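Shown next: entry-v5.txt, containing compact mmCIF, N, CA and C atoms.
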```txt
# COMPACT_ATOMS: atom_id res chain seq x y z
N MET F 1 13.66 7.12 -10.30
CA MET F 1 12.24 6.80 -10.17
C MET F 1 12.07 5.73 -9.09
N LYS F 2 11.12 5.90 -8.23
CA LYS F 2 10.88 4.96 -7.15
C LYS F 2 10.13 3.74 -7.68
N GLU F 3 10.51 2.59 -7.13
CA GLU F 3 9.82 1.36 -7.49
C GLU F 3 8.46 1.35 -6.82
N LYS F 4 7.44 1.00 -7.57
CA LYS F 4 6.09 0.93 -7.02
C LYS F 4 5.71 -0.52 -6.79
N MET F 5 4.96 -0.76 -5.70
CA MET F 5 4.55 -2.10 -5.32
C MET F 5 3.03 -2.17 -5.28
N THR F 6 2.50 -3.36 -5.57
CA THR F 6 1.05 -3.56 -5.48
C THR F 6 0.65 -3.75 -4.02
N THR F 7 -0.63 -3.77 -3.77
CA THR F 7 -1.15 -3.98 -2.42
C THR F 7 -0.64 -5.29 -1.84
N GLY F 8 -0.65 -6.35 -2.63
CA GLY F 8 -0.18 -7.65 -2.16
C GLY F 8 1.29 -7.64 -1.80
N GLU F 9 2.10 -6.97 -2.62
CA GLU F 9 3.54 -6.92 -2.35
C GLU F 9 3.85 -6.14 -1.08
N ILE F 10 3.21 -5.01 -0.91
CA ILE F 10 3.48 -4.19 0.28
C ILE F 10 2.90 -4.86 1.53
N ALA F 11 1.78 -5.56 1.38
CA ALA F 11 1.19 -6.28 2.53
C ALA F 11 2.14 -7.38 2.99
N LYS F 12 2.71 -8.11 2.04
CA LYS F 12 3.64 -9.18 2.38
C LYS F 12 4.87 -8.60 3.08
N GLN F 13 5.38 -7.50 2.57
CA GLN F 13 6.56 -6.87 3.17
C GLN F 13 6.26 -6.36 4.58
N ALA F 14 5.05 -5.83 4.79
CA ALA F 14 4.68 -5.27 6.09
C ALA F 14 4.18 -6.34 7.07
N GLY F 15 3.87 -7.54 6.55
CA GLY F 15 3.39 -8.61 7.42
C GLY F 15 1.92 -8.47 7.79
N VAL F 16 1.13 -7.87 6.89
CA VAL F 16 -0.31 -7.74 7.11
C VAL F 16 -1.04 -8.31 5.90
N SER F 17 -2.34 -8.43 5.99
CA SER F 17 -3.11 -8.93 4.86
C SER F 17 -3.43 -7.79 3.88
N PRO F 18 -3.65 -8.12 2.61
CA PRO F 18 -4.07 -7.10 1.66
C PRO F 18 -5.38 -6.43 2.10
N LYS F 19 -6.25 -7.19 2.75
CA LYS F 19 -7.51 -6.62 3.23
C LYS F 19 -7.24 -5.52 4.26
N ALA F 20 -6.26 -5.72 5.12
CA ALA F 20 -5.90 -4.70 6.12
C ALA F 20 -5.49 -3.41 5.41
N LEU F 21 -4.70 -3.53 4.34
CA LEU F 21 -4.28 -2.33 3.61
C LEU F 21 -5.47 -1.63 2.95
N ARG F 22 -6.42 -2.41 2.46
CA ARG F 22 -7.63 -1.79 1.87
C ARG F 22 -8.40 -1.02 2.94
N ILE F 23 -8.46 -1.57 4.14
CA ILE F 23 -9.14 -0.88 5.25
C ILE F 23 -8.39 0.39 5.62
N TYR F 24 -7.04 0.32 5.67
CA TYR F 24 -6.24 1.52 5.96
C TYR F 24 -6.51 2.59 4.91
N ASP F 25 -6.64 2.18 3.65
CA ASP F 25 -6.93 3.13 2.57
C ASP F 25 -8.30 3.77 2.78
N GLU F 26 -9.31 2.96 3.09
CA GLU F 26 -10.66 3.48 3.31
C GLU F 26 -10.70 4.49 4.45
N LYS F 27 -9.91 4.24 5.49
CA LYS F 27 -9.89 5.13 6.65
C LYS F 27 -8.94 6.31 6.48
N GLY F 28 -8.21 6.34 5.35
CA GLY F 28 -7.31 7.45 5.08
C GLY F 28 -5.97 7.36 5.78
N LEU F 29 -5.62 6.18 6.30
CA LEU F 29 -4.36 6.02 7.01
C LEU F 29 -3.18 5.74 6.09
N LEU F 30 -3.44 5.10 4.96
CA LEU F 30 -2.38 4.71 4.04
C LEU F 30 -2.92 4.73 2.62
N LYS F 31 -2.74 5.84 1.94
CA LYS F 31 -3.27 6.00 0.59
C LYS F 31 -2.25 5.55 -0.46
N PRO F 32 -2.69 4.92 -1.55
CA PRO F 32 -1.77 4.54 -2.62
C PRO F 32 -1.24 5.80 -3.32
N VAL F 33 -0.06 5.66 -3.95
CA VAL F 33 0.53 6.80 -4.65
C VAL F 33 0.08 6.85 -6.11
N ASP F 34 -0.44 5.74 -6.62
CA ASP F 34 -0.83 5.69 -8.03
C ASP F 34 -1.78 4.51 -8.24
N ILE F 35 -2.42 4.48 -9.40
CA ILE F 35 -3.27 3.37 -9.82
C ILE F 35 -2.73 2.88 -11.16
N SER F 36 -2.53 1.58 -11.30
CA SER F 36 -1.99 1.03 -12.55
C SER F 36 -3.07 0.98 -13.62
N GLU F 37 -2.63 0.67 -14.85
CA GLU F 37 -3.58 0.52 -15.95
C GLU F 37 -4.58 -0.60 -15.68
N GLY F 38 -4.15 -1.62 -14.94
CA GLY F 38 -5.02 -2.75 -14.59
C GLY F 38 -5.86 -2.47 -13.36
N ASN F 39 -5.87 -1.20 -12.90
CA ASN F 39 -6.65 -0.74 -11.76
C ASN F 39 -6.15 -1.29 -10.42
N TYR F 40 -4.83 -1.56 -10.34
CA TYR F 40 -4.22 -1.98 -9.08
C TYR F 40 -3.72 -0.75 -8.34
N LYS F 41 -3.90 -0.73 -7.03
CA LYS F 41 -3.36 0.35 -6.22
C LYS F 41 -1.87 0.13 -6.06
N LEU F 42 -1.09 1.19 -6.25
CA LEU F 42 0.36 1.09 -6.17
C LEU F 42 0.89 1.96 -5.04
N TYR F 43 1.88 1.42 -4.35
CA TYR F 43 2.51 2.11 -3.22
C TYR F 43 4.00 2.20 -3.50
N ASP F 44 4.68 3.19 -2.90
CA ASP F 44 6.13 3.28 -3.03
C ASP F 44 6.80 2.97 -1.70
N LYS F 45 8.11 3.05 -1.66
CA LYS F 45 8.88 2.70 -0.46
C LYS F 45 8.44 3.51 0.75
N SER F 46 8.14 4.79 0.57
CA SER F 46 7.74 5.62 1.72
C SER F 46 6.45 5.10 2.33
N LYS F 47 5.55 4.55 1.51
CA LYS F 47 4.30 3.98 2.03
C LYS F 47 4.58 2.68 2.77
N SER F 48 5.58 1.94 2.31
CA SER F 48 5.96 0.71 3.02
C SER F 48 6.43 1.06 4.43
N ASP F 49 7.25 2.08 4.54
CA ASP F 49 7.72 2.52 5.86
C ASP F 49 6.56 2.99 6.71
N ARG F 50 5.61 3.70 6.11
CA ARG F 50 4.46 4.22 6.85
C ARG F 50 3.57 3.08 7.34
N SER F 51 3.50 1.98 6.59
CA SER F 51 2.67 0.85 7.01
C SER F 51 3.15 0.30 8.34
N HIS F 52 4.45 0.34 8.59
CA HIS F 52 4.97 -0.13 9.87
C HIS F 52 4.57 0.81 11.00
N VAL F 53 4.48 2.09 10.70
CA VAL F 53 4.05 3.07 11.72
C VAL F 53 2.57 2.86 12.05
N VAL F 54 1.75 2.60 11.04
CA VAL F 54 0.32 2.37 11.25
C VAL F 54 0.11 1.16 12.14
N LEU F 55 0.91 0.13 11.94
CA LEU F 55 0.78 -1.08 12.76
C LEU F 55 1.11 -0.78 14.19
```
Final structure tokens representation of the file:
Amino acid sequence: MKEKMTTGEIAKQAGVSPKALRIYDEKGLLKPVDISEGNYKLYDKSKSDRSHVVL
């Protein structure tokens, strides 16, 4: 099972702000893979790699 990361965790890893990731989501560039019970957007490792491509 792949480890899932929150928006803040993946933003920190990618070196961007969480707001930037929300904008990427709105524009359809980087969609979360799941939503947690607490309504957090979750991303996996493949999305982390894709965030570097978007940048």
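Each of F:Gly28, F:Val16, F:Glu3, F:Gly8 was compared to Lys41 (chain F) using only C-alpha atoms, and F:Gly8 turns out to be the nearest.
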So which residues touch Tyr43 (chain F) within 7 Å, counting all atoms listed in the file, skipping near sequence neighbours fewer than 5 positions away, as number ranges by chain?
-> F: 3-7, 31-34, 48
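Rounded to one decimal, atom N of Lys45 (chain F) and atom C of Ile10 (chain F) lie 10.0 Å from each other.
With atom N of Leu30 (chain F) on one side and atom C of Glu9 (chain F) on the other, the separation reads 14.7 Å.
The residues of chain F that DSSP assigns to strand (DSSP E) on this backbone come out as F:Met5, F:Thr6, F:Asp34, F:Ile35, F:Lys41, F:Leu42, F:Tyr43.
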Report the residues of chain F whose backbone DSSP state falls under helix (DSSP H, G or I), written as an MDAnalysis selection string.
-> chainID F and resid 7:14 18:26 45:54
Take every atom of region 18-37 of chain F listed in the file, pad by 6 Å on each side, and give me the axis-aligned box centre and edge lengths in Å, one decimal, as lines of an AutoDock Vina configuration file.
```
center_x = -5.1
center_y = -0.3
center_z = -4.5
size_x = 23.2
size_y = 27.6
size_z = 35.0
```
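From CA of Ser36 (chain F) back to CA of Ala14 (chain F), the distance works out to 20.8 Å.
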